[in-house]
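Asker: My file is run.tsv. It has TSV, C-alpha atoms:
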chain	number	residue	atom	x	y	z
A	288	GLY	CA	-106.15	33.12	-12.47
A	289	ALA	CA	-106.91	32.76	-16.15
A	290	VAL	CA	-103.94	31.88	-18.31
A	291	VAL	CA	-103.33	32.72	-21.94
A	292	SER	CA	-100.48	31.14	-23.85
A	293	GLN	CA	-98.88	32.01	-27.16
A	294	HIS	CA	-96.83	29.87	-29.46
A	295	PRO	CA	-94.17	30.35	-30.57
A	296	SER	CA	-92.55	32.81	-28.21
A	297	ARG	CA	-90.02	33.80	-30.84
A	298	VAL	CA	-89.87	33.25	-34.56
A	299	ILE	CA	-87.41	34.30	-37.23
A	300	CYS	CA	-88.40	33.97	-40.85
A	301	LYS	CA	-87.28	35.02	-44.28
A	302	SER	CA	-88.94	37.84	-46.14
A	303	GLY	CA	-91.87	36.61	-48.22
A	304	THR	CA	-92.79	33.67	-46.04
A	305	SER	CA	-95.88	33.31	-43.85
A	306	VAL	CA	-95.87	32.87	-40.11
A	307	LYS	CA	-98.66	31.57	-37.90
A	308	ILE	CA	-98.97	32.56	-34.25
A	309	GLU	CA	-101.29	30.70	-31.88
A	310	CYS	CA	-103.11	32.13	-28.90
A	311	ARG	CA	-104.79	29.78	-26.45
A	312	SER	CA	-106.90	30.31	-23.36
A	313	LEU	CA	-105.79	27.46	-21.16
A	314	ASP	CA	-108.38	27.23	-18.43
A	315	PHE	CA	-111.33	29.17	-19.72
A	316	GLN	CA	-113.36	29.64	-22.86
A	317	ALA	CA	-113.02	32.90	-24.72
A	318	THR	CA	-115.59	33.93	-27.27
A	319	THR	CA	-113.57	37.07	-27.94
A	320	MET	CA	-109.85	37.45	-28.42
A	321	PHE	CA	-107.80	40.49	-29.33
A	322	TRP	CA	-104.53	40.86	-31.23
A	323	TYR	CA	-102.11	43.69	-30.49
A	324	ARG	CA	-98.78	44.72	-31.99
A	325	GLN	CA	-96.01	46.45	-30.09
A	326	PHE	CA	-93.03	48.02	-31.84
A	327	PRO	CA	-89.85	48.56	-29.83
A	328	LYS	CA	-90.22	51.19	-27.14
A	329	GLN	CA	-93.81	51.88	-28.18
A	330	SER	CA	-97.25	51.11	-26.85
A	331	LEU	CA	-99.58	48.29	-27.76
A	332	MET	CA	-101.70	48.97	-30.80
A	333	LEU	CA	-104.86	46.97	-31.27
A	334	MET	CA	-104.89	45.20	-34.62
A	335	ALA	CA	-108.12	43.26	-34.55
A	336	THR	CA	-110.87	41.71	-32.49
A	337	SER	CA	-111.79	38.13	-33.21
A	338	ASN	CA	-115.01	36.43	-32.21
A	339	GLU	CA	-115.34	32.67	-32.26
A	340	GLY	CA	-117.03	31.46	-35.39
A	341	SER	CA	-117.15	34.80	-37.18
A	342	LYS	CA	-114.91	37.13	-39.12
A	343	ALA	CA	-112.47	39.31	-37.26
A	344	THR	CA	-112.97	43.05	-36.97
A	345	TYR	CA	-109.85	44.93	-37.98
A	346	GLU	CA	-108.76	48.35	-36.78
A	347	GLN	CA	-108.31	51.13	-39.25
A	348	GLY	CA	-105.09	50.82	-41.19
A	349	VAL	CA	-104.57	47.10	-40.53
A	350	GLU	CA	-104.55	45.01	-43.71
A	351	LYS	CA	-106.90	42.10	-43.23
A	352	ASP	CA	-105.42	40.19	-46.17
A	353	LYS	CA	-101.96	40.43	-44.66
A	354	PHE	CA	-102.89	39.59	-41.09
A	355	LEU	CA	-105.25	36.64	-41.26
A	356	ILE	CA	-107.09	35.86	-38.06
A	357	ASN	CA	-108.94	32.64	-37.38
A	358	HIS	CA	-110.89	31.98	-34.20
A	359	ALA	CA	-112.17	28.49	-34.86
A	360	SER	CA	-112.71	27.38	-31.29
A	361	LEU	CA	-113.45	28.88	-27.89
A	362	THR	CA	-109.86	28.37	-26.77
A	363	LEU	CA	-107.80	29.08	-29.86
A	364	SER	CA	-107.21	32.04	-32.12
A	365	THR	CA	-104.48	32.23	-34.73
A	366	LEU	CA	-102.79	35.16	-36.43
A	367	THR	CA	-101.05	34.47	-39.73
A	368	VAL	CA	-98.71	37.10	-41.08
A	369	THR	CA	-98.71	36.46	-44.81
A	370	SER	CA	-95.78	37.35	-47.05
A	371	ALA	CA	-93.93	38.83	-44.13
A	372	HIS	CA	-91.50	41.69	-44.65
A	373	PRO	CA	-88.92	43.26	-42.33
A	374	GLU	CA	-91.34	46.04	-41.40
A	375	ASP	CA	-93.65	43.39	-39.92
A	376	SER	CA	-91.01	42.59	-37.33
A	377	SER	CA	-92.66	43.31	-34.03
A	378	PHE	CA	-93.95	41.91	-30.77
A	379	TYR	CA	-97.42	40.41	-31.23
A	380	ILE	CA	-99.58	40.03	-28.15
A	381	CYS	CA	-102.95	38.39	-27.85
A	382	SER	CA	-105.53	38.66	-25.12
A	383	ALA	CA	-108.64	36.66	-24.35
A	384	LEU	CA	-111.81	37.94	-22.79
A	385	GLY	CA	-112.73	35.97	-19.69
A	386	VAL	CA	-114.69	36.40	-16.51
A	387	ALA	CA	-113.10	37.62	-13.28
A	388	GLY	CA	-115.62	38.00	-10.47
A	389	ASP	CA	-118.52	40.08	-11.66
A	390	TYR	CA	-116.75	41.52	-14.65
A	391	ASN	CA	-115.26	40.57	-17.97
A	392	GLU	CA	-111.53	41.00	-18.10
A	393	GLN	CA	-108.89	40.72	-20.79
A	394	PHE	CA	-106.11	38.29	-19.96
A	395	PHE	CA	-102.92	38.84	-21.92
A	396	GLY	CA	-100.56	36.31	-23.39
A	397	PRO	CA	-96.78	36.55	-23.05
A	398	GLY	CA	-96.32	37.73	-26.63
A	399	THR	CA	-94.53	36.46	-29.73
A	400	ARG	CA	-91.49	38.24	-31.07
A	401	LEU	CA	-91.39	38.08	-34.86
A	402	THR	CA	-88.21	38.93	-36.73
A	403	VAL	CA	-88.35	39.02	-40.50
A	404	LEU	CA	-84.98	38.92	-42.22
B	67	ALA	CA	-113.18	59.16	-30.10
B	68	GLN	CA	-112.26	56.96	-27.17
B	69	SER	CA	-108.68	57.42	-26.10
B	70	VAL	CA	-106.24	57.21	-23.25
B	71	SER	CA	-103.32	59.61	-22.95
B	72	GLN	CA	-100.17	59.58	-20.90
B	73	HIS	CA	-98.20	62.80	-20.98
B	74	ASN	CA	-95.10	61.66	-19.13
B	75	HIS	CA	-92.96	59.77	-21.61
B	76	HIS	CA	-89.98	59.19	-19.37
B	77	VAL	CA	-89.78	59.72	-15.63
B	78	ILE	CA	-86.54	59.42	-13.68
B	79	LEU	CA	-86.61	59.16	-9.92
B	80	SER	CA	-84.31	58.22	-7.10
B	81	GLU	CA	-85.09	55.29	-4.83
B	82	ALA	CA	-87.57	56.13	-2.04
B	83	ALA	CA	-89.04	59.04	-4.00
B	84	SER	CA	-92.79	59.24	-4.43
B	85	LEU	CA	-94.29	58.47	-7.80
B	86	GLU	CA	-97.25	59.81	-9.69
B	87	LEU	CA	-97.83	58.96	-13.34
B	88	GLY	CA	-100.54	60.81	-15.17
B	89	CYS	CA	-103.33	59.25	-17.21
B	90	ASN	CA	-106.30	60.93	-18.80
B	91	TYR	CA	-109.12	59.26	-20.63
B	92	SER	CA	-111.70	60.29	-23.14
B	93	TYR	CA	-114.76	58.09	-22.89
B	94	GLY	CA	-118.43	58.88	-22.70
B	95	GLY	CA	-120.49	56.93	-20.23
B	96	THR	CA	-119.15	53.77	-18.64
B	97	VAL	CA	-115.40	53.43	-18.46
B	98	ASN	CA	-113.17	50.70	-17.10
B	99	LEU	CA	-109.56	51.75	-16.45
B	100	PHE	CA	-106.37	49.77	-16.00
B	101	TRP	CA	-102.70	50.17	-15.26
B	102	TYR	CA	-100.29	47.59	-16.65
B	103	VAL	CA	-96.57	47.22	-16.11
B	104	GLN	CA	-94.03	45.73	-18.50
B	105	TYR	CA	-90.65	44.95	-16.97
B	106	PRO	CA	-87.68	44.84	-19.36
B	107	GLY	CA	-87.96	41.78	-21.57
B	108	GLN	CA	-91.14	40.57	-19.92
B	109	HIS	CA	-94.81	40.53	-20.78
B	110	LEU	CA	-97.61	42.72	-19.53
B	111	GLN	CA	-98.78	42.41	-15.96
B	112	LEU	CA	-101.93	43.95	-14.54
B	113	LEU	CA	-101.17	46.32	-11.66
B	114	LEU	CA	-104.70	47.40	-10.86
B	115	LYS	CA	-108.09	48.09	-12.36
B	116	TYR	CA	-111.13	50.26	-11.79
B	117	PHE	CA	-114.59	49.13	-12.81
B	118	SER	CA	-116.88	50.86	-10.31
B	119	GLY	CA	-117.23	51.68	-6.62
B	120	ASP	CA	-114.45	53.15	-4.49
B	121	PRO	CA	-112.47	55.50	-6.76
B	122	LEU	CA	-109.24	54.76	-4.89
B	123	VAL	CA	-107.98	51.46	-6.15
B	124	LYS	CA	-105.14	49.53	-4.58
B	125	GLY	CA	-103.10	47.17	-6.67
B	126	ILE	CA	-100.11	44.91	-6.40
B	127	LYS	CA	-96.58	45.91	-5.40
B	128	GLY	CA	-97.79	48.91	-3.36
B	129	PHE	CA	-99.33	50.79	-6.27
B	130	GLU	CA	-102.62	52.64	-6.15
B	131	ALA	CA	-104.64	54.80	-8.50
B	132	GLU	CA	-107.45	57.27	-8.08
B	133	PHE	CA	-110.33	57.63	-10.50
B	134	ILE	CA	-111.35	61.30	-10.63
B	135	LYS	CA	-114.34	61.55	-12.92
B	136	SER	CA	-114.42	65.36	-12.95
B	137	LYS	CA	-110.84	65.45	-14.23
B	138	PHE	CA	-111.11	62.41	-16.51
B	139	SER	CA	-108.01	61.15	-14.77
B	140	PHE	CA	-106.70	57.87	-13.37
B	141	ASN	CA	-103.22	58.65	-12.06
B	142	LEU	CA	-100.95	55.93	-10.72
B	143	ARG	CA	-99.17	56.51	-7.42
B	144	LYS	CA	-96.65	54.83	-5.19
B	145	PRO	CA	-95.34	56.48	-2.02
B	146	SER	CA	-91.80	55.11	-2.20
B	147	VAL	CA	-90.32	53.58	-5.35
B	148	GLN	CA	-87.65	50.93	-5.54
B	149	TRP	CA	-85.02	50.22	-8.16
B	150	SER	CA	-87.04	47.15	-9.14
B	151	ASP	CA	-89.91	49.39	-10.23
B	152	THR	CA	-87.92	50.32	-13.32
B	153	ALA	CA	-90.29	49.40	-16.16
B	154	GLU	CA	-92.72	50.68	-18.75
B	155	TYR	CA	-96.15	51.60	-17.38
B	156	PHE	CA	-99.26	51.64	-19.51
B	157	CYS	CA	-102.61	53.16	-18.69
B	158	ALA	CA	-105.51	51.59	-20.57
B	159	GLY	CA	-109.24	51.90	-20.83
B	160	ARG	CA	-112.35	50.43	-22.35
B	161	GLY	CA	-115.90	51.65	-22.73
B	162	SER	CA	-117.66	48.56	-21.44
B	163	SER	CA	-116.84	45.13	-20.09
B	164	ALA	CA	-117.00	43.50	-23.50
B	165	SER	CA	-115.20	46.06	-25.59
B	166	LYS	CA	-111.58	46.33	-26.58
B	167	ILE	CA	-108.92	47.82	-24.34
B	168	ILE	CA	-107.11	50.86	-25.72
B	169	PHE	CA	-103.64	51.61	-24.41
B	170	GLY	CA	-101.96	54.89	-23.70
B	171	SER	CA	-98.53	55.58	-25.16
B	172	GLY	CA	-96.77	54.40	-22.03
B	173	THR	CA	-94.41	55.97	-19.51
B	174	ARG	CA	-90.91	54.69	-19.03
B	175	LEU	CA	-89.91	54.81	-15.38
B	176	SER	CA	-86.22	54.75	-14.52
B	177	ILE	CA	-85.16	54.48	-10.89
B	178	ARG	CA	-81.69	55.55	-9.85
B	179	PRO	CA	-80.28	53.27	-7.15
Turn this file's structure into structure tokens for me.

Answerer:
Amino acid sequence: GAVVSQHPSRVICKSGTSVKIECRSLDFQATTMFWYRQFPKQSLMLMATSNEGSKATYEQGVEKDKFLINHASLTLSTLTVTSAHPEDSSFYICSALGVAGDYNEQFFGPGTRLTVL
Amino acid sequence: AQSVSQHNHHVILSEAASLELGCNYSYGGTVNLFWYVQYPGQHLQLLLKYFSGDPLVKGIKGFEAEFIKSKFSFNLRKPSVQWSDTAEYFCAGRGSSASKIIFGSGTRLSIRP
């Protein structure tokens, strides 16, 4: 099946620094990727949809200047948390839209746990 | 607005009990529905999905779900749970094959050995 990887799996940073998270589709090309955030014991909340070669579409309430998304190739999307603060500590999960049989399907990455001190 | 709701926040069962987790959706027109499981400390895994056709969908690990259009429901069932089914279960939906997946709030399932 289609595989999506994320790097790093865990990151700890100091408040005020920026952190970049990579999401790769390993064996398929994904024109569309999605970024979700999951706080402890809560559900996944969609942050943004990124399309290769164009600007990301952010969900209401998500600061686009804080969460920079770049989808420069068909296999890579990056999420940069700029000037991170402790309240940004969360589990960030990406997914890539691929084809499974006759349908499009979202394949999820393993997630990146961000801890901001 | 498109949404998916799960009303059971925490379900506690004994081993061998039958399971049914509720999921209701609010979508007009085409809807694709999913159930995902997240075991403690692990990432999301797809249990099953409904796109079209037979409304009774069978997934992995003995799970199944039934799409009932008249009730806007897609409940997850398993006839006999095991301790290893302890996890968080998420119902999710999307309006078309290219659109974003929206998740329900999740149901924590605890199985007593």

Asker: May I ask which of the residues A:Ser296, A:Thr369, A:Asn357, A:Ser364 is the closest one to chain B, counting all atoms listed in the file?

Answerer: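 For chain B, the nearest of the given residues is A:Ser296.
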
Asker: One decimal, Å: what's the distance from CA of Met320 (chain A) over to CA of Gln347 (chain A), could you say?

Answerer: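 Separation between CA of Met320 (chain A) and CA of Gln347 (chain A): 17.5 Å.
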
Asker: Report as CSV the residues of chain B within 8 Å of chain A, each with its shortest atom pair and distance in Å (one decimal), using only C-alpha atoms, ordered by chain and increasing residue number.

Answerer:
residue,atom,partner,partner_atom,distance
B:Gln108,CA,A:Pro397,CA,7.6
B:His109,CA,A:Pro397,CA,5.0
B:Leu110,CA,A:Phe395,CA,7.0
B:Phe156,CA,A:Ser330,CA,7.6
B:Ser163,CA,A:Asn391,CA,5.3
B:Ala164,CA,A:Asn391,CA,6.5
B:Lys166,CA,A:Phe321,CA,7.5
B:Ile167,CA,A:Gln393,CA,7.9
B:Ile168,CA,A:Leu333,CA,7.1
B:Phe169,CA,A:Leu331,CA,6.2
B:Gly170,CA,A:Ser330,CA,6.8
B:Ser171,CA,A:Ser330,CA,4.9
B:Gly172,CA,A:Ser330,CA,5.9

Asker: Counting all atoms listed in the file, what is within 12 Å of region 87-93 of chain B, bar same-chain residues fewer than 2 positions away, as an MDAnalysis selection string?

Answerer: chainID B and resid 67:79 84:85 95:101 129:145 154:162 167:175

Asker: CA of Asp375 (chain A) and CA of Tyr345 (chain A) are how many Å apart?

Answerer: 16.4 Å

Asker: To one decimal in Å, tell me the separation between CA of Ile126 (chain B) and CA of Leu114 (chain B).

Answerer: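 Here the two named atoms are 6.9 Å from each other.
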
Asker: Set the distance at 9 Å and use all atoms listed in the file: which residues neighbour Pro373 (chain A) once local chain neighbours fewer than 4 positions away are removed? I'd like the list as number ranges by chain.

Answerer: A: 301-302, 402-404

Asker: Using all atoms listed in the file, can you tell me which of A:Gly340, A:Pro295, A:Gly388, A:Gly303 comes closest to Ser370 (chain A)?

Answerer: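 Ranked by minimum distance to Ser370 (chain A), first place goes to A:Gly303.
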